[in-house]
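The next block holds one structure in the form of structure tokens; read it before the comments.
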Amino acid sequence: MSSQVISSQAKLTLGPVLYNWPAEQRRDFYFKIADEAPVDVVYIGEVTCSKRTPFLTPFIPEICDRLEQAGKEVVISTLSLVMSKRERKELHEVVQDSPWILEANDLSAIGLLEGREHIVGPFVNVYNEDTLGYFYQNGARRIVLPCELSGKAIERLLASNKDREIEIQAFGRVPLALSARCYHARSHGLSKDGCLYVCEQDPDGMNVETLDGEPFLAVNGTQTMSYTVTNLLHELDDLVQFGATHFRLWPQDLDMVKVIQTFRERLDGSLEERAAQEILSDLVKFAPFSNGFYHGVEGNHLVEMREKI
């Protein structure tokens with residue numbers, strides 16, 4: 001296989017941590033990313049459950065400072081489901097006070113950010129050209145497309161907005177749905193308000209099985225996620241040709257520096273695809289890979305592709 005450059009211009013982003021990792025662990029994780037990972041953009045913030053927010057907030061200034069000193073662009077991600085008066089108040093405060101660009105993960109945040117430069121996150125449904133264009137006109141600098149779009153749909157969206165920044169979810173368990181209920185708490189016989197933060201026990205999410213014992217989804221607090229780990233390493237070439245400018249890698253409880261290095265070297269052409277896939281396979285042991293959405297089939301499928309000569 002040729003190891004020619006796919007795109008040394010394409011940027012890698014690290015999505016916000018979706019899971020309930022201890023605050024000190026998150027801080028140290030971001031410090032390591034700042035010092036060692038060849039990533040261009042780092043998203044920080046609590047997007048899953050507002051009850052976790054107070055633990056991370058005190059560390060955000062020093063995390064952002066460390067990342068910026070290392071030459072990384074910092075983006076603050078907002079909550080993906082805003083329901084209570086307290087959550088609305090906190091969202092208003094973040095929009096008013098944040099010195100960093102924001103990623104809006106629900107329509108209320110997008111409304112507050114109208115006319116201001118921001119990122120539209122993956123929790124906002126963008127399925128057609130008109131919606132994409134509307135958000136750009138509203139002030140979006142970059143839009144992160146939903147994980148369930150096929151390659152053909154992505155190509156069509158990119159063709160309609162050339163020279164715009166588009167981000168694709170390329171690695172990690174992907175968020176599929178949100179709920180007002182906390183599945184994690186309920187699975188332990190607890191209420192959402194009295195959850196005891198049991199989601200902390202599952203740093204990559206809690207597997208959900210069918211009645212036959214087959215894992216098919218994962219749960220992360222109020223969030224339903226894929227059981228499989230999205231891996232679009234093979235599809236990078238086509239996505240770059242379509243016009244994708246950024247590729248998101250979702251944090252998992254493994255060596256994310258190595259994951260980032262692998263994707264960067266593949267984009268730069270210094271690492272062949274087969275070798276890159278072997279590295280990722282050695283790192284990801286908790287679930288199989290998938291790329292089904294991209295190929296227009298069930299999302300949990302892995303469509304094997306022949307190597308390009």
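Chains: A, B, ... in order of the structure tokens. Residues: from 1 per chain. Ligands: from 1, in order shown.
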
Give me, as CSV, each residue of segment 63-137 of chain A that comes within 10 Å of segment 180-203 of chain A, together with its shortest interatomic pair and the distance in Å at one decimal, counting only C-alpha atoms, with rows ordered by chain and rising residue number.
residue,atom,partner,partner_atom,distance
A:Leu81,CA,A:Ala180,CA,8.0
A:Val82,CA,A:Ala180,CA,9.5
A:Met83,CA,A:Ala180,CA,8.1

- prompt: Counting only C-alpha atoms, what is within 9 Å of Thr13 of chain A, bar same-chain residues fewer than 2 positions away, as a VMD selection string?
  reply: chain A and resid 11 15 39 to 43 167 246 to 250 260

Store the residues picked out above, limited to C-alpha atoms, as a PDB file, in the first residue's frame.
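Result went into out39.pdb, see below:
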ATOM      1  CA  LYS A  11      -6.785  19.101  11.505  1.00  0.00           C
ATOM      2  CA  GLY A  15     -13.821  15.963  21.642  1.00  0.00           C
ATOM      3  CA  VAL A  39      -3.790  17.517  18.103  1.00  0.00           C
ATOM      4  CA  ASP A  40      -4.910  20.908  16.816  1.00  0.00           C
ATOM      5  CA  VAL A  41      -8.152  21.578  18.712  1.00  0.00           C
ATOM      6  CA  VAL A  42      -9.215  20.413  22.181  1.00  0.00           C
ATOM      7  CA  TYR A  43     -12.820  20.627  23.386  1.00  0.00           C
ATOM      8  CA  GLU A 167     -15.765  18.304  11.381  1.00  0.00           C
ATOM      9  CA  HIS A 246     -11.391  18.516  10.870  1.00  0.00           C
ATOM     10  CA  PHE A 247     -11.588  14.994  12.302  1.00  0.00           C
ATOM     11  CA  ARG A 248     -12.850  14.418  15.843  1.00  0.00           C
ATOM     12  CA  LEU A 249     -11.427  11.729  18.097  1.00  0.00           C
ATOM     13  CA  TRP A 250     -13.609  11.057  21.155  1.00  0.00           C
ATOM     14  CA  ILE A 260      -3.935  10.873  18.006  1.00  0.00           C
TER      15      ILE A 260
END

- prompt: So which one's closest to Gln9 of chain A, A:Asp212, A:Glu73, A:Gly151, A:Gly243? Using only C-alpha atoms, please.
  reply: A:Gly243

message: Can you pull out the residues contacting Thr57 of chain A? Cut-off 9 Å, using only C-alpha atoms, and skip same-chain residues under 3 positions away; I want them as a PyMOL selection string.
response: chain A and resi 23+45-46+53-54+60-61

Give me a file of those residues, with N, CA and C atoms, as a PDB file, in the first residue's frame.
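part.pdb was written with the following content:
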ATOM      1  N   ALA A  23     -12.328  14.446  38.406  1.00  0.00           N
ATOM      2  CA  ALA A  23     -11.838  15.739  37.922  1.00  0.00           C
ATOM      3  C   ALA A  23     -10.315  15.772  37.818  1.00  0.00           C
ATOM      4  N   GLY A  45     -15.278  20.597  28.580  1.00  0.00           N
ATOM      5  CA  GLY A  45     -16.541  20.994  29.182  1.00  0.00           C
ATOM      6  C   GLY A  45     -17.413  19.791  29.440  1.00  0.00           C
ATOM      7  N   GLU A  46     -18.413  19.963  30.289  1.00  0.00           N
ATOM      8  CA  GLU A  46     -19.350  18.888  30.603  1.00  0.00           C
ATOM      9  C   GLU A  46     -20.545  18.978  29.670  1.00  0.00           C
ATOM     10  N   THR A  53     -20.655  19.063  36.493  1.00  0.00           N
ATOM     11  CA  THR A  53     -19.985  20.316  36.149  1.00  0.00           C
ATOM     12  C   THR A  53     -19.147  20.910  37.280  1.00  0.00           C
ATOM     13  N   PRO A  54     -19.654  20.981  38.534  1.00  0.00           N
ATOM     14  CA  PRO A  54     -18.878  21.640  39.595  1.00  0.00           C
ATOM     15  C   PRO A  54     -17.514  21.007  39.861  1.00  0.00           C
ATOM     16  N   ILE A  60     -10.719  24.209  34.850  1.00  0.00           N
ATOM     17  CA  ILE A  60     -10.761  24.631  33.447  1.00  0.00           C
ATOM     18  C   ILE A  60      -9.747  25.725  33.117  1.00  0.00           C
ATOM     19  N   PRO A  61      -9.592  26.790  33.922  1.00  0.00           N
ATOM     20  CA  PRO A  61      -8.614  27.817  33.559  1.00  0.00           C
ATOM     21  C   PRO A  61      -7.193  27.279  33.404  1.00  0.00           C
TER      22      PRO A  61
END

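Residues surrounding Glu117 of chain A within 12 Å are Val75, Val95, Trp100, Ile101, Leu102, Glu103, Ala104, Ile110, Leu112, Leu113, Glu114, Gly115, Ile119, Val120, Phe135, Tyr136, Gln137, Asn138, Gly139, Ala140, Arg141, Arg142 and Ile143 of chain A [only C-alpha atoms; sequence separation below 2 positions excluded].
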
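Among A:Tyr127, A:Phe286, A:Phe216, A:Phe263, the residue with the shortest atom-to-atom distance to Asn300 of chain A, counting only C-alpha atoms, is A:Phe216.
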
task: Could you give me, as a PyMOL selection string, the residues within 12 Å of Gln169 of chain A, counting only C-alpha atoms and dropping anything in the same chain fewer than 5 positions from it?
output: chain A and resi 12-15+121-123+143-150+154+174-175+229-233+235-236+239+244-251+291+293-294

Which residues come within 9 Å of Val208 of chain A, counting only C-alpha atoms, excluding same-chain residues fewer than 5 positions away, as a PDB file with C-alpha atoms, in the first residue's frame?
ATOM      1  CA  GLY A 213     -26.645 -11.513  26.134  1.00  0.00           C
ATOM      2  CA  GLU A 214     -25.333  -9.687  23.063  1.00  0.00           C
ATOM      3  CA  PRO A 215     -23.918  -6.199  23.707  1.00  0.00           C
ATOM      4  CA  PHE A 216     -25.421  -3.654  21.323  1.00  0.00           C
ATOM      5  CA  LEU A 217     -25.379  -0.218  23.012  1.00  0.00           C
ATOM      6  CA  ALA A 218     -23.610   1.610  25.817  1.00  0.00           C
ATOM      7  CA  VAL A 219     -25.055   3.921  28.455  1.00  0.00           C
ATOM      8  CA  TYR A 227     -21.373  -0.135  21.825  1.00  0.00           C
TER       9      TYR A 227
END

message: One decimal, in Å: what's the spacing between atom CA of Gly133 of chain A and atom CA of Ser77 of chain A?
response: 21.5 Å

Quick check for you: according to DSSP on this backbone, which residues of segment 164-262 of chain A are classed as strand (DSSP E)? Reply as a PDB file with C-alpha atoms, in the first residue's frame.
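Produced file result16.pdb, reproduced below:
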ATOM      1  CA  GLU A 165     -15.008  24.161   8.155  1.00  0.00           C
ATOM      2  CA  ILE A 166     -16.673  20.764   8.621  1.00  0.00           C
ATOM      3  CA  GLU A 167     -15.765  18.304  11.381  1.00  0.00           C
ATOM      4  CA  ILE A 168     -16.310  14.549  11.145  1.00  0.00           C
ATOM      5  CA  GLN A 169     -16.504  12.130  14.080  1.00  0.00           C
ATOM      6  CA  ALA A 170     -13.743   9.666  13.177  1.00  0.00           C
ATOM      7  CA  PHE A 171     -12.952   7.658  16.329  1.00  0.00           C
ATOM      8  CA  GLY A 172     -14.555   6.549  19.582  1.00  0.00           C
ATOM      9  CA  PRO A 175     -23.377   9.597  21.235  1.00  0.00           C
ATOM     10  CA  LEU A 176     -26.666   8.450  19.704  1.00  0.00           C
ATOM     11  CA  ALA A 177     -29.475   9.802  21.892  1.00  0.00           C
ATOM     12  CA  LEU A 178     -30.213  11.873  24.988  1.00  0.00           C
ATOM     13  CA  MET A 206     -21.799   0.794  30.621  1.00  0.00           C
ATOM     14  CA  ASN A 207     -22.519  -1.936  28.079  1.00  0.00           C
ATOM     15  CA  VAL A 208     -26.170  -2.749  27.378  1.00  0.00           C
ATOM     16  CA  GLU A 209     -27.032  -6.290  26.307  1.00  0.00           C
ATOM     17  CA  PRO A 215     -23.918  -6.199  23.707  1.00  0.00           C
ATOM     18  CA  PHE A 216     -25.421  -3.654  21.323  1.00  0.00           C
ATOM     19  CA  LEU A 217     -25.379  -0.218  23.012  1.00  0.00           C
ATOM     20  CA  ALA A 218     -23.610   1.610  25.817  1.00  0.00           C
ATOM     21  CA  VAL A 219     -25.055   3.921  28.455  1.00  0.00           C
ATOM     22  CA  ASN A 220     -23.356   6.977  29.904  1.00  0.00           C
ATOM     23  CA  GLN A 223     -26.745   9.368  27.167  1.00  0.00           C
ATOM     24  CA  THR A 224     -27.184   6.380  24.866  1.00  0.00           C
ATOM     25  CA  MET A 225     -24.005   5.583  22.946  1.00  0.00           C
ATOM     26  CA  SER A 226     -22.789   3.087  20.413  1.00  0.00           C
ATOM     27  CA  VAL A 229     -16.045   2.115  18.500  1.00  0.00           C
ATOM     28  CA  THR A 230     -16.287   4.208  15.359  1.00  0.00           C
ATOM     29  CA  ASN A 231     -13.107   3.993  13.296  1.00  0.00           C
ATOM     30  CA  HIS A 246     -11.391  18.516  10.870  1.00  0.00           C
ATOM     31  CA  PHE A 247     -11.588  14.994  12.302  1.00  0.00           C
ATOM     32  CA  ARG A 248     -12.850  14.418  15.843  1.00  0.00           C
ATOM     33  CA  LEU A 249     -11.427  11.729  18.097  1.00  0.00           C
TER      34      LEU A 249
END

- prompt: So how many Å separate atom CA of Ala109 of chain A and atom CA of Asp204 of chain A, to one decimal?
  reply: 26.8 Å

task: Would you return as JSON, numbers by chain the members of segment 109-172 of chain A that DSSP assigns to helix (DSSP H, G or I) on this structure's backbone?
output: {"A": [109, 110, 111, 112, 129, 130, 131, 132, 133, 134, 135, 136, 137, 138, 151, 152, 153, 154, 155, 156, 157, 158, 159, 160]}
